Amino acid sequence: MKPSVFEEREAMGRHFDAIAEAERDIAAAFARRAERVEDARRFGQAIAHHNARVPGARRDAREVAERELSSELACTIRVPQRMAENLVAESRALAVDLPATRAALASGEISYRHA
């Protein structure tokens with residue numbers, strides 16, 4: 001017996017529900033990534049704070065730490081340097097300036113693009 005139109009639509013709805021669930025999972029993963037990037041940034045800054053400036057150096061330890069973080073991040077997640085720099089800035093904004101937005105992202109209410 002052929003399924004009714006209603007049954008077919010319900011089955012299709014279940015597919016879309018599964019897709020929506022996957023999107024929420026992806027958003028939560030982006031929130032975790034942002035949190036981990038911010039943790040790494042803070043750690044790098046803490047280490048840089050303990051390092052004395054080398055006499056004659058053109059950059060201070062904090063600037064060097066920022067560059068090292070974005071370079072290592074770019075290599076780790078295989079993206080261009082500029083994209084890694086943007087990710088560091090976005091992660092900091094979500095952690096420091098936009099905690100409600102980060103929470104909405106973590107719960108899957110919004111996507112990373114919306115954040």
# chains A, B, ... in the order shown; residues from 1 in each chain; ligands from 1

$ residues_around --residues "Met83 (chain A)" --least-positions-apart "5" --cutoff "10 Å" --atoms "only C-alpha atoms" --output "list of chain:residue names"
A:Ser70, A:Leu73, A:Ala74, A:Arg78, A:Val88, A:Ala89

$ select_by_dssp --residues "chain A" --states "helix (DSSP H, G or I)" --output "ChimeraX atom specification"
/A:5-50,61-77,81-97,99-106

$ residues_around --residues "region 24-33 of chain A" --least-positions-apart "4" --cutoff "7 Å" --atoms "only C-alpha atoms" --output "PyMOL selection string"
chain A and resi 20+37+102+105-108+111-112

$ write_last_selection --atoms "N, CA and C atoms" --output "PDB file, in the first residue's frame"
ATOM      1  N   ALA A  20      18.006  20.163  11.019  1.00  0.00           N
ATOM      2  CA  ALA A  20      18.027  21.243  12.004  1.00  0.00           C
ATOM      3  C   ALA A  20      18.839  20.848  13.232  1.00  0.00           C
ATOM      4  N   VAL A  37      39.718  28.888  21.432  1.00  0.00           N
ATOM      5  CA  VAL A  37      40.619  29.888  20.848  1.00  0.00           C
ATOM      6  C   VAL A  37      40.851  31.009  21.857  1.00  0.00           C
ATOM      7  N   ARG A 102      27.286  34.310  22.539  1.00  0.00           N
ATOM      8  CA  ARG A 102      28.002  33.034  22.616  1.00  0.00           C
ATOM      9  C   ARG A 102      27.111  31.947  23.197  1.00  0.00           C
ATOM     10  N   LEU A 105      24.722  30.835  20.546  1.00  0.00           N
ATOM     11  CA  LEU A 105      25.448  29.988  19.595  1.00  0.00           C
ATOM     12  C   LEU A 105      25.647  28.591  20.181  1.00  0.00           C
ATOM     13  N   ALA A 106      26.061  28.534  21.437  1.00  0.00           N
ATOM     14  CA  ALA A 106      26.309  27.244  22.088  1.00  0.00           C
ATOM     15  C   ALA A 106      25.045  26.394  22.181  1.00  0.00           C
ATOM     16  N   SER A 107      23.912  27.041  22.329  1.00  0.00           N
ATOM     17  CA  SER A 107      22.654  26.289  22.428  1.00  0.00           C
ATOM     18  C   SER A 107      22.067  25.961  21.059  1.00  0.00           C
ATOM     19  N   GLY A 108      22.674  26.497  20.010  1.00  0.00           N
ATOM     20  CA  GLY A 108      22.186  26.223  18.664  1.00  0.00           C
ATOM     21  C   GLY A 108      21.044  27.125  18.228  1.00  0.00           C
ATOM     22  N   SER A 111      23.348  30.612  14.260  1.00  0.00           N
ATOM     23  CA  SER A 111      24.515  30.020  13.599  1.00  0.00           C
ATOM     24  C   SER A 111      25.733  30.911  13.848  1.00  0.00           C
ATOM     25  N   TYR A 112      26.912  30.401  13.498  1.00  0.00           N
ATOM     26  CA  TYR A 112      28.128  31.193  13.658  1.00  0.00           C
ATOM     27  C   TYR A 112      28.060  32.453  12.798  1.00  0.00           C
TER      28      TYR A 112
END

$ closest_residue --among "A:His15, A:Arg41, A:Asp97, A:Met1" --to "Ser71 (chain A)" --atoms "only C-alpha atoms"
A:Arg41

$ atom_distance --atom1 "CA of Glu38 (chain A)" --atom2 "CA of Ser91 (chain A)"
5.6 Å

$ atom_distance --atom1 "CA of His50 (chain A)" --atom2 "CA of Ala65 (chain A)"
11.5 Å

$ closest_residue --among "A:Ser4, A:Glu35, A:Glu10, A:Glu21" --to "Ala95 (chain A)" --atoms "only C-alpha atoms"
A:Glu35

$ atom_distance --atom1 "CA of Ala103 (chain A)" --atom2 "CA of Leu87 (chain A)"
17.3 Å

$ residues_around --residues "Arg67 (chain A)" --least-positions-apart "6" --cutoff "10 Å" --atoms "only C-alpha atoms" --output "MDAnalysis selection string"
chainID A and resid 61 73 81 85

$ closest_residue --among "A:Arg42, A:Pro80, A:Ala34, A:Glu8" --to "Thr101 (chain A)" --atoms "only C-alpha atoms"
A:Ala34

$ residues_around --residues "Arg62 (chain A)" --least-positions-apart "4" --cutoff "7 Å" --atoms "only C-alpha atoms" --output "ChimeraX atom specification"
/A:45,48-49,66

$ decode --residues "region 33-44 of chain A" --atoms "N, CA, C and O atoms" --output "CSV table (one decimal), in the first residue's frame"
chain,number,residue,atom,x,y,z
A,33,ARG,N,34.7,25.9,19.8
A,33,ARG,CA,36.0,26.4,19.1
A,33,ARG,C,36.3,27.8,19.6
A,33,ARG,O,37.5,28.1,19.9
A,34,ALA,N,35.3,28.7,19.6
A,34,ALA,CA,35.6,30.0,20.0
A,34,ALA,C,36.1,30.1,21.4
A,34,ALA,O,37.0,30.9,21.7
A,35,GLU,N,35.5,29.3,22.3
A,35,GLU,CA,35.9,29.3,23.7
A,35,GLU,C,37.4,28.8,23.8
A,35,GLU,O,38.2,29.4,24.5
A,36,ARG,N,37.7,27.8,23.0
A,36,ARG,CA,39.1,27.2,23.1
A,36,ARG,C,40.1,28.2,22.5
A,36,ARG,O,41.2,28.3,23.0
A,37,VAL,N,39.7,28.9,21.4
A,37,VAL,CA,40.6,29.9,20.8
A,37,VAL,C,40.9,31.0,21.9
A,37,VAL,O,42.0,31.5,22.1
A,38,GLU,N,39.8,31.4,22.5
A,38,GLU,CA,39.9,32.5,23.5
A,38,GLU,C,40.8,32.0,24.7
A,38,GLU,O,41.6,32.8,25.2
A,39,ASP,N,40.6,30.8,25.1
A,39,ASP,CA,41.5,30.2,26.2
A,39,ASP,C,42.9,30.3,25.8
A,39,ASP,O,43.8,30.6,26.6
A,40,ALA,N,43.2,29.9,24.5
A,40,ALA,CA,44.6,29.9,24.0
A,40,ALA,C,45.1,31.3,24.0
A,40,ALA,O,46.3,31.5,24.3
A,41,ARG,N,44.3,32.2,23.6
A,41,ARG,CA,44.8,33.6,23.5
A,41,ARG,C,45.1,34.1,24.9
A,41,ARG,O,46.2,34.8,25.1
A,42,ARG,N,44.2,33.9,25.9
A,42,ARG,CA,44.5,34.3,27.2
A,42,ARG,C,45.8,33.7,27.8
A,42,ARG,O,46.6,34.3,28.5
A,43,PHE,N,46.0,32.4,27.5
A,43,PHE,CA,47.2,31.7,28.0
A,43,PHE,C,48.4,32.3,27.4
A,43,PHE,O,49.4,32.6,28.1
A,44,GLY,N,48.4,32.6,26.1
A,44,GLY,CA,49.5,33.2,25.4
A,44,GLY,C,49.8,34.6,25.9
A,44,GLY,O,51.0,34.9,26.1
